[in-house]
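Here is the structure we will look at.
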Amino acid sequence: MDSSDEDVPDLIPAVFKPVPVTIITGYLGAGKTTLLNYILTEQHDKKIAVIVNEFGEGSAMEKSISIKENEGNLFEEWIELRNGCMCCSVKDNGVKAIENLMTKRGKFDYILLETTGLADPGPIAKMFWLDEELGSDLYLDGIVTVIDSKNGLKQLLEEKTEDGLVNACIRQIALSDLIIVNKVDLVQPGELESLKNAIRSLNGDARLTETVRCSISLDDILDLKAYSGAGVERIQGLLKNINEYSAPHISKEVSSLTIQLESAIARPALEQFLQKLLWERAVRNKAGETTDIIRLKGIVRILENDETALMIQAVQDTYDLIEVKLPEENVPSALIFIGKNLDREVLENLIISR
(Lines give C-alpha, C1' and ligand atoms only; values in the text may rest on other atoms or scores of the structure.)
Protein backbone atom coordinates (compact mmCIF):
# COMPACT_ATOMS: atom_id res chain seq x y z
CA MET A 1 0.00 0.00 0.00
CA ASP A 2 1.26 3.42 -0.89
CA SER A 3 2.30 5.29 2.24
CA SER A 4 0.50 8.30 0.89
CA ASP A 5 -2.79 6.47 1.46
CA GLU A 6 -2.09 6.42 5.19
CA ASP A 7 -1.28 10.11 5.44
CA VAL A 8 -3.80 12.27 7.24
CA PRO A 9 -5.24 14.65 4.64
CA ASP A 10 -4.80 18.35 5.20
CA LEU A 11 -7.93 20.05 6.45
CA ILE A 12 -9.12 22.87 4.24
CA PRO A 13 -10.54 25.68 6.36
CA ALA A 14 -14.02 26.86 5.45
CA VAL A 15 -14.03 30.12 3.56
CA PHE A 16 -17.02 32.32 4.32
CA LYS A 17 -18.02 35.41 2.44
CA PRO A 18 -19.12 38.45 4.46
CA VAL A 19 -22.83 38.22 5.23
CA PRO A 20 -25.18 41.06 4.17
CA VAL A 21 -27.20 42.71 6.95
CA THR A 22 -30.51 44.44 6.29
CA ILE A 23 -32.00 46.74 8.94
CA ILE A 24 -35.82 46.66 9.09
CA THR A 25 -37.41 49.70 10.72
CA GLY A 26 -40.80 51.41 10.94
CA TYR A 27 -43.45 52.49 13.42
CA LEU A 28 -45.48 49.99 15.41
CA GLY A 29 -48.50 48.96 13.39
CA ALA A 30 -46.88 49.65 10.02
CA GLY A 31 -46.64 45.97 9.13
CA LYS A 32 -43.20 44.82 10.25
CA THR A 33 -44.75 41.94 12.17
CA THR A 34 -46.54 40.71 9.06
CA LEU A 35 -43.36 40.97 6.99
CA LEU A 36 -41.14 39.19 9.52
CA ASN A 37 -43.75 36.54 10.23
CA TYR A 38 -43.80 35.70 6.53
CA ILE A 39 -40.00 35.48 6.39
CA LEU A 40 -39.84 33.21 9.41
CA THR A 41 -42.68 30.82 8.59
CA GLU A 42 -43.23 30.57 4.84
CA GLN A 43 -41.31 28.42 2.37
CA HIS A 44 -39.11 30.73 0.28
CA ASP A 45 -35.86 28.76 -0.17
CA LYS A 46 -33.73 31.40 1.56
CA LYS A 47 -31.65 30.89 4.68
CA ILE A 48 -32.21 34.03 6.72
CA ALA A 49 -31.35 34.84 10.31
CA VAL A 50 -33.77 37.33 11.84
CA ILE A 51 -33.05 39.34 14.99
CA VAL A 52 -36.34 40.55 16.48
CA ASN A 53 -36.32 43.37 19.03
CA GLU A 54 -38.37 42.53 22.08
CA PHE A 55 -41.26 44.92 22.80
CA GLY A 56 -42.40 43.09 25.91
CA GLU A 57 -44.41 39.96 26.53
CA GLY A 58 -47.41 41.43 24.73
CA SER A 59 -45.57 41.57 21.40
CA ALA A 60 -47.65 40.03 18.64
CA MET A 61 -44.47 39.07 16.82
CA GLU A 62 -43.07 37.14 19.75
CA LYS A 63 -46.36 35.42 20.45
CA SER A 64 -46.77 34.41 16.83
CA ILE A 65 -43.31 32.93 16.43
CA SER A 66 -42.99 31.46 19.93
CA ILE A 67 -46.30 29.62 19.67
CA LYS A 68 -45.39 28.12 16.30
CA GLU A 69 -41.80 27.21 16.98
CA ASN A 70 -40.97 27.32 20.67
CA GLU A 71 -43.92 25.77 22.50
CA GLY A 72 -45.27 29.13 23.61
CA ASN A 73 -42.13 30.38 25.35
CA LEU A 74 -40.41 33.67 24.59
CA PHE A 75 -36.80 33.19 23.64
CA GLU A 76 -33.47 34.95 23.75
CA GLU A 77 -31.32 32.24 22.18
CA TRP A 78 -31.17 31.35 18.50
CA ILE A 79 -33.74 28.80 17.38
CA GLU A 80 -33.90 27.10 14.00
CA LEU A 81 -37.24 27.18 12.22
CA ARG A 82 -38.87 24.66 9.93
CA ASN A 83 -38.24 26.65 6.74
CA GLY A 84 -34.47 26.85 7.30
CA CYS A 85 -34.50 30.33 8.82
CA MET A 86 -33.26 31.20 12.30
CA CYS A 87 -34.65 33.68 14.82
CA CYS A 88 -33.63 35.36 18.04
CA SER A 89 -35.55 37.82 20.23
CA VAL A 90 -33.38 40.44 21.95
CA LYS A 91 -33.77 43.37 24.32
CA ASP A 92 -30.80 45.45 23.14
CA ASN A 93 -29.46 46.58 19.76
CA GLY A 94 -28.63 43.03 18.75
CA VAL A 95 -24.81 43.12 18.95
CA LYS A 96 -24.63 40.18 21.36
CA ALA A 97 -27.13 38.25 19.25
CA ILE A 98 -24.99 38.84 16.15
CA GLU A 99 -21.86 37.65 17.94
CA ASN A 100 -23.69 34.52 19.03
CA LEU A 101 -25.05 34.05 15.53
CA MET A 102 -21.62 34.20 13.89
CA THR A 103 -20.69 30.95 15.64
CA LYS A 104 -23.28 29.30 13.38
CA ARG A 105 -21.72 30.42 10.09
CA GLY A 106 -22.87 28.40 7.12
CA LYS A 107 -26.45 27.99 8.34
CA PHE A 108 -27.64 31.32 6.93
CA ASP A 109 -26.96 33.62 3.99
CA TYR A 110 -28.62 36.84 5.16
CA ILE A 111 -29.27 38.67 8.43
CA LEU A 112 -32.33 40.85 9.01
CA LEU A 113 -32.08 43.09 12.07
CA GLU A 114 -35.37 44.59 13.20
CA THR A 115 -35.47 47.78 15.29
CA THR A 116 -38.13 48.94 17.71
CA GLY A 117 -40.82 51.25 16.35
CA LEU A 118 -39.30 54.50 17.63
CA ALA A 119 -35.66 53.53 17.12
CA ASP A 120 -33.16 55.58 15.17
CA PRO A 121 -31.53 53.13 12.71
CA GLY A 122 -28.50 55.42 12.32
CA PRO A 123 -26.42 54.14 15.28
CA ILE A 124 -27.12 50.55 14.26
CA ALA A 125 -26.02 51.24 10.69
CA LYS A 126 -22.83 52.93 11.91
CA MET A 127 -22.00 49.89 14.03
CA PHE A 128 -21.09 47.88 10.93
CA TRP A 129 -18.55 50.52 9.87
CA LEU A 130 -17.02 51.17 13.28
CA ASP A 131 -16.75 47.62 14.65
CA GLU A 132 -13.73 46.12 12.85
CA GLU A 133 -14.49 42.58 14.01
CA LEU A 134 -18.08 42.74 12.76
CA GLY A 135 -16.93 44.50 9.62
CA SER A 136 -14.78 41.57 8.55
CA ASP A 137 -17.70 39.12 8.75
CA LEU A 138 -20.66 41.34 7.89
CA TYR A 139 -21.57 44.29 5.72
CA LEU A 140 -24.54 46.62 5.72
CA ASP A 141 -26.70 45.86 2.68
CA GLY A 142 -29.46 48.41 3.22
CA ILE A 143 -32.07 50.00 5.48
CA VAL A 144 -35.72 49.14 4.83
CA THR A 145 -38.55 51.19 6.36
CA VAL A 146 -42.19 50.09 6.50
CA ILE A 147 -44.74 52.94 6.43
CA ASP A 148 -48.43 52.71 7.33
CA SER A 149 -50.38 54.38 4.47
CA LYS A 150 -53.27 55.26 6.78
CA ASN A 151 -51.22 56.97 9.51
CA GLY A 152 -47.92 57.70 7.76
CA LEU A 153 -48.61 61.35 6.93
CA LYS A 154 -49.82 62.05 10.46
CA GLN A 155 -46.67 60.44 11.87
CA LEU A 156 -44.49 62.53 9.57
CA LEU A 157 -46.16 65.76 10.68
CA GLU A 158 -45.90 64.94 14.39
CA GLU A 159 -43.70 67.51 16.13
CA LYS A 160 -41.25 66.59 18.86
CA THR A 161 -41.43 68.56 22.09
CA GLU A 162 -37.80 67.92 23.03
CA ASP A 163 -35.38 70.50 21.69
CA GLY A 164 -33.13 69.29 18.91
CA LEU A 165 -34.82 65.92 18.39
CA VAL A 166 -36.12 64.86 15.00
CA ASN A 167 -39.38 62.99 14.57
CA ALA A 168 -38.52 59.25 14.52
CA CYS A 169 -40.62 58.60 11.42
CA ILE A 170 -38.81 61.35 9.51
CA ARG A 171 -35.42 60.02 10.59
CA GLN A 172 -36.32 56.47 9.55
CA ILE A 173 -37.41 57.63 6.09
CA ALA A 174 -34.35 59.85 5.69
CA LEU A 175 -32.05 56.91 6.33
CA SER A 176 -33.92 54.40 4.16
CA ASP A 177 -32.75 52.72 0.98
CA LEU A 178 -36.09 50.97 0.40
CA ILE A 179 -39.44 52.26 1.67
CA ILE A 180 -42.39 49.87 1.80
CA VAL A 181 -45.63 51.86 1.76
CA ASN A 182 -47.96 49.30 3.29
CA LYS A 183 -51.76 49.03 3.66
CA VAL A 184 -52.39 50.93 0.42
CA ASP A 185 -55.81 49.25 0.23
CA LEU A 186 -56.96 51.32 3.21
CA VAL A 187 -56.49 54.79 1.68
CA GLN A 188 -57.82 56.78 -1.23
CA PRO A 189 -55.52 57.48 -4.21
CA GLY A 190 -55.21 61.16 -3.24
CA GLU A 191 -54.13 60.29 0.32
CA LEU A 192 -51.57 57.83 -0.98
CA GLU A 193 -50.12 60.35 -3.43
CA SER A 194 -49.79 62.97 -0.68
CA LEU A 195 -47.89 60.48 1.48
CA LYS A 196 -45.60 59.49 -1.39
CA ASN A 197 -44.85 63.14 -2.17
CA ALA A 198 -43.99 63.73 1.47
CA ILE A 199 -41.65 60.74 1.46
CA ARG A 200 -39.95 61.89 -1.75
CA SER A 201 -39.43 65.36 -0.31
CA LEU A 202 -37.35 63.78 2.44
CA ASN A 203 -35.62 61.02 0.50
CA GLY A 204 -36.03 61.04 -3.25
CA ASP A 205 -33.28 58.46 -3.77
CA ALA A 206 -34.89 55.61 -1.83
CA ARG A 207 -36.76 53.03 -3.86
CA LEU A 208 -40.47 53.12 -2.99
CA THR A 209 -42.84 50.19 -3.33
CA GLU A 210 -46.54 49.84 -2.43
CA THR A 211 -47.89 46.74 -0.68
CA VAL A 212 -50.95 45.22 0.93
CA ARG A 213 -50.16 43.24 4.11
CA CYS A 214 -46.46 43.67 3.29
CA SER A 215 -46.76 41.22 0.41
CA ILE A 216 -43.39 41.68 -1.26
CA SER A 217 -40.80 39.40 -2.83
CA LEU A 218 -37.75 38.90 -0.66
CA ASP A 219 -35.66 39.55 -3.77
CA ASP A 220 -36.81 43.16 -3.52
CA ILE A 221 -35.53 43.46 0.05
CA LEU A 222 -32.30 41.50 -0.07
CA ASP A 223 -29.10 42.33 -1.96
CA LEU A 224 -29.81 46.06 -2.19
CA LYS A 225 -26.05 46.75 -2.07
CA ALA A 226 -26.86 50.29 -1.02
CA TYR A 227 -23.53 50.77 0.74
CA SER A 228 -21.22 49.26 -1.84
CA GLY A 229 -19.98 50.19 -5.28
CA ALA A 230 -22.71 48.05 -6.78
CA GLY A 231 -25.22 50.68 -5.70
CA VAL A 232 -23.71 53.35 -7.91
CA GLU A 233 -26.18 52.82 -10.78
CA ARG A 234 -29.13 53.83 -8.61
CA ILE A 235 -27.44 57.05 -7.53
CA GLN A 236 -26.47 57.83 -11.11
CA GLY A 237 -30.09 57.39 -12.12
CA LEU A 238 -31.13 59.90 -9.50
CA LEU A 239 -28.51 62.41 -10.60
CA LYS A 240 -29.73 62.25 -14.21
CA ASN A 241 -33.38 62.78 -13.23
CA ILE A 242 -33.05 64.99 -10.18
CA ASN A 243 -36.03 67.19 -11.09
CA GLU A 244 -38.34 64.22 -10.69
CA TYR A 245 -37.98 64.52 -6.92
CA SER A 246 -38.72 68.23 -6.53
CA ALA A 247 -41.70 67.86 -4.19
CA PRO A 248 -42.02 70.57 -1.50
CA HIS A 249 -40.56 69.70 1.88
CA ILE A 250 -43.04 68.23 4.33
CA SER A 251 -40.92 68.87 7.41
CA LYS A 252 -40.15 72.29 8.86
CA GLU A 253 -36.85 71.00 10.21
CA VAL A 254 -35.56 68.23 7.95
CA SER A 255 -35.07 68.77 4.24
CA SER A 256 -33.05 67.41 1.35
CA LEU A 257 -31.07 69.10 -1.37
CA THR A 258 -28.72 68.10 -4.15
CA ILE A 259 -25.61 70.04 -5.12
CA GLN A 260 -24.12 69.32 -8.52
CA LEU A 261 -20.44 70.01 -9.14
CA GLU A 262 -19.27 71.38 -12.47
CA SER A 263 -15.68 70.18 -12.07
CA ALA A 264 -13.71 67.43 -10.36
CA ILE A 265 -12.37 67.87 -6.84
CA ALA A 266 -9.20 66.60 -5.20
CA ARG A 267 -9.77 63.72 -2.78
CA PRO A 268 -8.00 65.44 0.17
CA ALA A 269 -10.22 68.50 -0.34
CA LEU A 270 -13.34 66.33 -0.38
CA GLU A 271 -12.29 64.61 2.84
CA GLN A 272 -11.61 67.97 4.52
CA PHE A 273 -15.11 69.10 3.58
CA LEU A 274 -16.69 65.91 4.97
CA GLN A 275 -14.73 66.07 8.19
CA LYS A 276 -15.67 69.71 8.81
CA LEU A 277 -19.32 68.95 8.07
CA LEU A 278 -19.70 65.59 9.81
CA TRP A 279 -16.97 65.28 12.44
CA GLU A 280 -16.39 68.84 13.56
CA ARG A 281 -19.99 69.97 12.95
CA ALA A 282 -18.52 73.34 12.06
CA VAL A 283 -20.88 74.22 9.18
CA ARG A 284 -23.68 76.68 9.90
CA ASN A 285 -26.44 78.20 7.84
CA LYS A 286 -26.92 81.96 7.44
CA ALA A 287 -28.94 82.06 10.66
CA GLY A 288 -26.00 80.59 12.57
CA GLU A 289 -27.65 77.21 13.12
CA THR A 290 -25.45 74.12 12.95
CA THR A 291 -26.01 71.88 9.94
CA ASP A 292 -27.00 68.42 11.17
CA ILE A 293 -26.60 65.65 8.59
CA ILE A 294 -28.80 62.58 8.88
CA ARG A 295 -27.82 61.04 5.54
CA LEU A 296 -25.39 62.04 2.81
CA LYS A 297 -24.70 60.22 -0.42
CA GLY A 298 -23.39 60.99 -3.86
CA ILE A 299 -20.80 60.52 -6.57
CA VAL A 300 -17.88 62.90 -7.02
CA ARG A 301 -15.31 62.90 -9.81
CA ILE A 302 -11.80 63.28 -8.47
CA LEU A 303 -8.86 65.10 -10.00
CA GLU A 304 -6.46 62.24 -9.44
CA ASN A 305 -8.09 59.98 -12.05
CA ASP A 306 -10.48 60.98 -14.85
CA GLU A 307 -11.99 57.49 -15.06
CA THR A 308 -12.58 57.07 -11.34
CA ALA A 309 -15.10 58.65 -9.03
CA LEU A 310 -15.78 58.35 -5.33
CA MET A 311 -19.14 57.13 -4.09
CA ILE A 312 -19.91 58.78 -0.76
CA GLN A 313 -22.03 57.11 1.90
CA ALA A 314 -22.58 58.86 5.23
CA VAL A 315 -24.88 58.22 8.16
CA GLN A 316 -24.76 61.00 10.74
CA ASP A 317 -21.07 61.58 11.59
CA THR A 318 -19.72 58.41 9.93
CA TYR A 319 -18.80 58.25 6.26
CA ASP A 320 -17.15 55.96 3.74
CA LEU A 321 -15.59 56.65 0.34
CA ILE A 322 -15.67 53.89 -2.27
CA GLU A 323 -13.79 54.12 -5.56
CA VAL A 324 -16.04 53.29 -8.52
CA LYS A 325 -15.44 53.10 -12.24
CA LEU A 326 -17.81 55.31 -14.21
CA PRO A 327 -19.69 53.30 -16.87
CA GLU A 328 -20.00 56.30 -19.18
CA GLU A 329 -18.76 59.81 -19.71
CA ASN A 330 -20.42 63.02 -18.54
CA VAL A 331 -22.01 61.53 -15.43
CA PRO A 332 -22.43 64.63 -13.22
CA SER A 333 -20.85 64.83 -9.81
CA ALA A 334 -23.35 65.55 -7.08
CA LEU A 335 -23.90 65.32 -3.35
CA ILE A 336 -27.33 64.56 -1.89
CA PHE A 337 -27.88 65.94 1.62
CA ILE A 338 -30.67 65.02 4.04
CA GLY A 339 -30.65 66.84 7.35
CA LYS A 340 -31.43 69.94 9.40
CA ASN A 341 -30.45 73.55 8.69
CA LEU A 342 -29.26 72.85 5.15
CA ASP A 343 -28.14 75.98 3.30
CA ARG A 344 -27.39 75.49 -0.39
CA GLU A 345 -25.24 78.60 -0.77
CA VAL A 346 -23.16 77.85 2.32
CA LEU A 347 -22.55 74.24 1.31
CA GLU A 348 -21.75 75.11 -2.31
CA ASN A 349 -19.27 77.77 -1.29
CA LEU A 350 -17.60 75.43 1.18
CA ILE A 351 -17.17 72.67 -1.42
CA ILE A 352 -15.93 75.00 -4.16
CA SER A 353 -13.43 76.71 -1.87
CA ARG A 354 -11.68 73.45 -1.08
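Within each chain, counting starts at residue 1; across the C-alpha coordinates, chains are named A, B, ... in the order shown, with ligands numbered 1 upward in that order.
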
List as a tab-separated table every residue of segment 191-278 of chain A that is in contact with segment 308-324 of chain A, defined as an atom at most 7 Å from one of its atoms (using only C-alpha atoms), together with the nearest atom pair and the distance in Å rounded to one decimal, sorted by chain and then rising number.
```
residue	atom	partner	partner_atom	distance
A:Tyr227	CA	A:Gln313	CA	6.6
A:Gly229	CA	A:Val324	CA	6.0
A:Leu278	CA	A:Asp317	CA	4.6
```

Would you mind exporting the chosen residues as a PDB file, in the first residue's frame, restricted to N, CA, C and O atoms?
```pdb
ATOM      1  N   TYR A 227     -24.729  50.187   0.159  1.00  0.00           N
ATOM      2  CA  TYR A 227     -23.529  50.774   0.745  1.00  0.00           C
ATOM      3  C   TYR A 227     -22.260  50.241   0.100  1.00  0.00           C
ATOM      4  O   TYR A 227     -21.185  50.297   0.683  1.00  0.00           O
ATOM      5  N   GLY A 229     -20.113  49.639  -3.946  1.00  0.00           N
ATOM      6  CA  GLY A 229     -19.978  50.192  -5.282  1.00  0.00           C
ATOM      7  C   GLY A 229     -21.064  49.724  -6.224  1.00  0.00           C
ATOM      8  O   GLY A 229     -21.380  50.393  -7.198  1.00  0.00           O
ATOM      9  N   LEU A 278     -19.192  66.716   9.040  1.00  0.00           N
ATOM     10  CA  LEU A 278     -19.702  65.588   9.812  1.00  0.00           C
ATOM     11  C   LEU A 278     -19.021  65.423  11.166  1.00  0.00           C
ATOM     12  O   LEU A 278     -19.693  65.165  12.169  1.00  0.00           O
TER      13      LEU A 278
END
```

Find the spatial neighbours of Ser217 of chain A, counting only C-alpha atoms, within a cut-off of 12 Å - ignore same-chain residues fewer than 6 positions away - and output them as a PDB file with N, CA, C and O atoms, in the first residue's frame.
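Ended up saving to part-v6.pdb:
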```pdb
ATOM      1  N   LEU A  35     -44.498  41.245   7.860  1.00  0.00           N
ATOM      2  CA  LEU A  35     -43.357  40.968   6.991  1.00  0.00           C
ATOM      3  C   LEU A  35     -42.434  39.925   7.610  1.00  0.00           C
ATOM      4  O   LEU A  35     -42.058  38.941   6.961  1.00  0.00           O
ATOM      5  N   TYR A  38     -43.884  36.390   7.816  1.00  0.00           N
ATOM      6  CA  TYR A  38     -43.800  35.697   6.528  1.00  0.00           C
ATOM      7  C   TYR A  38     -42.402  35.113   6.318  1.00  0.00           C
ATOM      8  O   TYR A  38     -42.245  33.959   5.924  1.00  0.00           O
ATOM      9  N   ILE A  39     -41.384  35.922   6.596  1.00  0.00           N
ATOM     10  CA  ILE A  39     -39.999  35.483   6.391  1.00  0.00           C
ATOM     11  C   ILE A  39     -39.687  34.261   7.246  1.00  0.00           C
ATOM     12  O   ILE A  39     -39.022  33.321   6.801  1.00  0.00           O
ATOM     13  N   GLU A  42     -42.881  31.054   6.167  1.00  0.00           N
ATOM     14  CA  GLU A  42     -43.231  30.565   4.840  1.00  0.00           C
ATOM     15  C   GLU A  42     -42.040  29.887   4.157  1.00  0.00           C
ATOM     16  O   GLU A  42     -40.885  30.116   4.510  1.00  0.00           O
ATOM     17  N   HIS A  44     -39.616  29.806   1.306  1.00  0.00           N
ATOM     18  CA  HIS A  44     -39.112  30.725   0.277  1.00  0.00           C
ATOM     19  C   HIS A  44     -37.691  30.382  -0.167  1.00  0.00           C
ATOM     20  O   HIS A  44     -37.072  31.137  -0.899  1.00  0.00           O
ATOM     21  N   LYS A  46     -34.830  30.522   1.165  1.00  0.00           N
ATOM     22  CA  LYS A  46     -33.728  31.405   1.556  1.00  0.00           C
ATOM     23  C   LYS A  46     -33.389  31.147   3.019  1.00  0.00           C
ATOM     24  O   LYS A  46     -34.279  30.985   3.857  1.00  0.00           O
ATOM     25  N   ILE A 180     -41.200  50.663   2.102  1.00  0.00           N
ATOM     26  CA  ILE A 180     -42.387  49.872   1.801  1.00  0.00           C
ATOM     27  C   ILE A 180     -43.607  50.642   2.308  1.00  0.00           C
ATOM     28  O   ILE A 180     -43.799  50.784   3.516  1.00  0.00           O
ATOM     29  N   THR A 209     -41.947  51.217  -2.802  1.00  0.00           N
ATOM     30  CA  THR A 209     -42.843  50.191  -3.329  1.00  0.00           C
ATOM     31  C   THR A 209     -44.104  50.137  -2.488  1.00  0.00           C
ATOM     32  O   THR A 209     -44.059  50.362  -1.278  1.00  0.00           O
ATOM     33  N   GLU A 210     -45.247  49.884  -3.115  1.00  0.00           N
ATOM     34  CA  GLU A 210     -46.539  49.836  -2.434  1.00  0.00           C
ATOM     35  C   GLU A 210     -46.933  48.385  -2.189  1.00  0.00           C
ATOM     36  O   GLU A 210     -46.766  47.532  -3.069  1.00  0.00           O
ATOM     37  N   THR A 211     -47.500  48.111  -1.007  1.00  0.00           N
ATOM     38  CA  THR A 211     -47.889  46.740  -0.678  1.00  0.00           C
ATOM     39  C   THR A 211     -49.208  46.714   0.085  1.00  0.00           C
ATOM     40  O   THR A 211     -49.640  47.708   0.671  1.00  0.00           O
TER      41      THR A 211
END
```

> So which one's closest to Asp219 of chain A, A:Asp45, A:Asp137, A:Glu77, A:Glu159? Using only C-alpha atoms, please.
Replying inline: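 Among the listed residues, A:Asp45 lies closest to Asp219 of chain A.
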
> Please, what distance in Å, to one decimal, runs between atom CA of Ser136 of chain A and atom CA of Leu277 of chain A?
Replying inline: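 The value is 27.8 Å.
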
>> Run DSSP on the backbone and tell me which residues of segment 175-331 of chain A come out as strand (DSSP E); list them as a VMD selection string.
In response: chain A and resid 178 to 182 207 to 210 254 to 261 292 to 302 305 to 315 318 to 325

> If you count only C-alpha atoms, which residues fall within 6 Å of segment 301-303 of chain A, apart from same-chain ones fewer than 2 positions away, as a list in words?
Replying inline: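 My list of contacting residues is Ala264, Ile265, Ala266, Asn305, Ala309 and Ser333 of chain A.
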
Write the residues you've just listed into a file as a PDB file, in the first residue's frame, and include all heavy atoms for each of them.
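Generated file (result.pdb):
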```pdb
ATOM      1  N   ALA A 264     -14.213  68.434 -11.299  1.00  0.00           N
ATOM      2  CA  ALA A 264     -13.705  67.432 -10.361  1.00  0.00           C
ATOM      3  C   ALA A 264     -13.093  68.116  -9.145  1.00  0.00           C
ATOM      4  O   ALA A 264     -12.756  69.304  -9.165  1.00  0.00           O
ATOM      5  CB  ALA A 264     -12.676  66.547 -11.058  1.00  0.00           C
ATOM      6  N   ILE A 265     -12.924  67.352  -8.075  1.00  0.00           N
ATOM      7  CA  ILE A 265     -12.367  67.871  -6.838  1.00  0.00           C
ATOM      8  C   ILE A 265     -11.285  66.916  -6.346  1.00  0.00           C
ATOM      9  O   ILE A 265     -11.374  65.697  -6.577  1.00  0.00           O
ATOM     10  CB  ILE A 265     -13.476  68.048  -5.775  1.00  0.00           C
ATOM     11  CG1 ILE A 265     -12.924  68.705  -4.500  1.00  0.00           C
ATOM     12  CG2 ILE A 265     -14.127  66.728  -5.443  1.00  0.00           C
ATOM     13  CD1 ILE A 265     -14.012  69.071  -3.507  1.00  0.00           C
ATOM     14  N   ALA A 266     -10.261  67.445  -5.732  1.00  0.00           N
ATOM     15  CA  ALA A 266      -9.199  66.596  -5.198  1.00  0.00           C
ATOM     16  C   ALA A 266      -9.719  65.808  -3.999  1.00  0.00           C
ATOM     17  O   ALA A 266     -10.507  66.326  -3.196  1.00  0.00           O
ATOM     18  CB  ALA A 266      -8.007  67.452  -4.781  1.00  0.00           C
ATOM     19  N   ASN A 305      -7.864  60.984 -11.007  1.00  0.00           N
ATOM     20  CA  ASN A 305      -8.095  59.975 -12.047  1.00  0.00           C
ATOM     21  C   ASN A 305      -9.398  60.302 -12.771  1.00  0.00           C
ATOM     22  O   ASN A 305     -10.480  60.276 -12.181  1.00  0.00           O
ATOM     23  CB  ASN A 305      -8.168  58.575 -11.420  1.00  0.00           C
ATOM     24  CG  ASN A 305      -8.178  57.474 -12.464  1.00  0.00           C
ATOM     25  OD1 ASN A 305      -8.616  57.660 -13.589  1.00  0.00           O
ATOM     26  ND2 ASN A 305      -7.693  56.302 -12.080  1.00  0.00           N
ATOM     27  N   ALA A 309     -14.359  57.739  -9.887  1.00  0.00           N
ATOM     28  CA  ALA A 309     -15.105  58.652  -9.029  1.00  0.00           C
ATOM     29  C   ALA A 309     -15.187  58.033  -7.636  1.00  0.00           C
ATOM     30  O   ALA A 309     -14.871  56.853  -7.441  1.00  0.00           O
ATOM     31  CB  ALA A 309     -16.495  58.910  -9.587  1.00  0.00           C
ATOM     32  N   SER A 333     -21.154  65.008 -11.222  1.00  0.00           N
ATOM     33  CA  SER A 333     -20.845  64.831  -9.810  1.00  0.00           C
ATOM     34  C   SER A 333     -21.918  65.531  -8.993  1.00  0.00           C
ATOM     35  O   SER A 333     -22.368  66.626  -9.358  1.00  0.00           O
ATOM     36  CB  SER A 333     -19.483  65.438  -9.483  1.00  0.00           C
ATOM     37  OG  SER A 333     -18.448  64.776 -10.166  1.00  0.00           O
TER      38      SER A 333
END
```

> If we count only C-alpha atoms, what is near Glu253 of chain A at a cut-off of 12 Å, once residues fewer than 6 positions away on the same chain are taken out, given as a list in words?
Replying inline: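 Residues near the query, excluding close chain neighbours: Leu156, Leu157, Glu158, Glu159, Lys160, Asp163, Gly164, Leu165, Val166, Asn167, Ile170, Arg171, Leu202, Glu289, Thr291, Asp292, Ile293, Ile294, Ile338, Gly339, Lys340, Asn341 and Leu342 of chain A.
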
> What gap, in Å, lies between atom CA of Glu114 of chain A and atom CA of Gly298 of chain A?
Replying inline: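 Straight-line distance from atom CA of Glu114 of chain A to atom CA of Gly298 of chain A works out to 26.5 Å.
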
>> With only C-alpha atoms as the counted atoms, please give the residues lying no more than 10 Å from Leu40 of chain A, apart from itself and same-chain residues fewer than 4 positions off, as a list in words.
In response: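 Near neighbours after the sequence-gap exclusion: Leu35, Leu36, His44, Lys47, Ile48, Ala49, Val50, Ile65, Glu69, Glu80, Leu81, Arg82, Asn83, Gly84, Cys85, Met86 and Cys87 of chain A.
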
> Which one is closest to Ile351 of chain A: A:Arg281, A:Lys276, A:Lys196, A:Lys150? Count only C-alpha atoms.
Replying inline: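 Distance minimum relative to Ile351 of chain A lands on A:Lys276.
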
>> Please identify the alpha helix (DSSP H) residues within segment 162-218 of chain A (assignment by DSSP from backbone atoms) and present them as a list in words.
In response: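 Assigned to alpha helix (DSSP H), within segment 162-218 of chain A: Ala168, Cys169, Ile170, Arg171, Gln172, Ile173, Ala174, Pro189, Gly190, Glu191, Leu192, Glu193, Ser194, Leu195, Lys196, Asn197, Ala198, Ile199, Arg200, Ser201 and Leu202 of chain A.
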
> Which of these residues is nearest to Ile147 of chain A, using only C-alpha atoms: A:Gly117, A:Gly106, A:Pro189, A:Pro268?
Replying inline: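 Among the listed residues, A:Gly117 lies closest to Ile147 of chain A.
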
> With only C-alpha atoms as the atoms that count, which of A:Asp148, A:Glu193, A:Glu99, A:Glu304 lies nearest to Gly26 of chain A?
Replying inline: A:Asp148

>> Using Å and a single decimal, report how far atom CA of Ser228 of chain A sits from atom CA of Gly142 of chain A.
In response: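 About the pair atom CA of Gly142 of chain A and atom CA of Ser228 of chain A: they are 9.7 Å apart.
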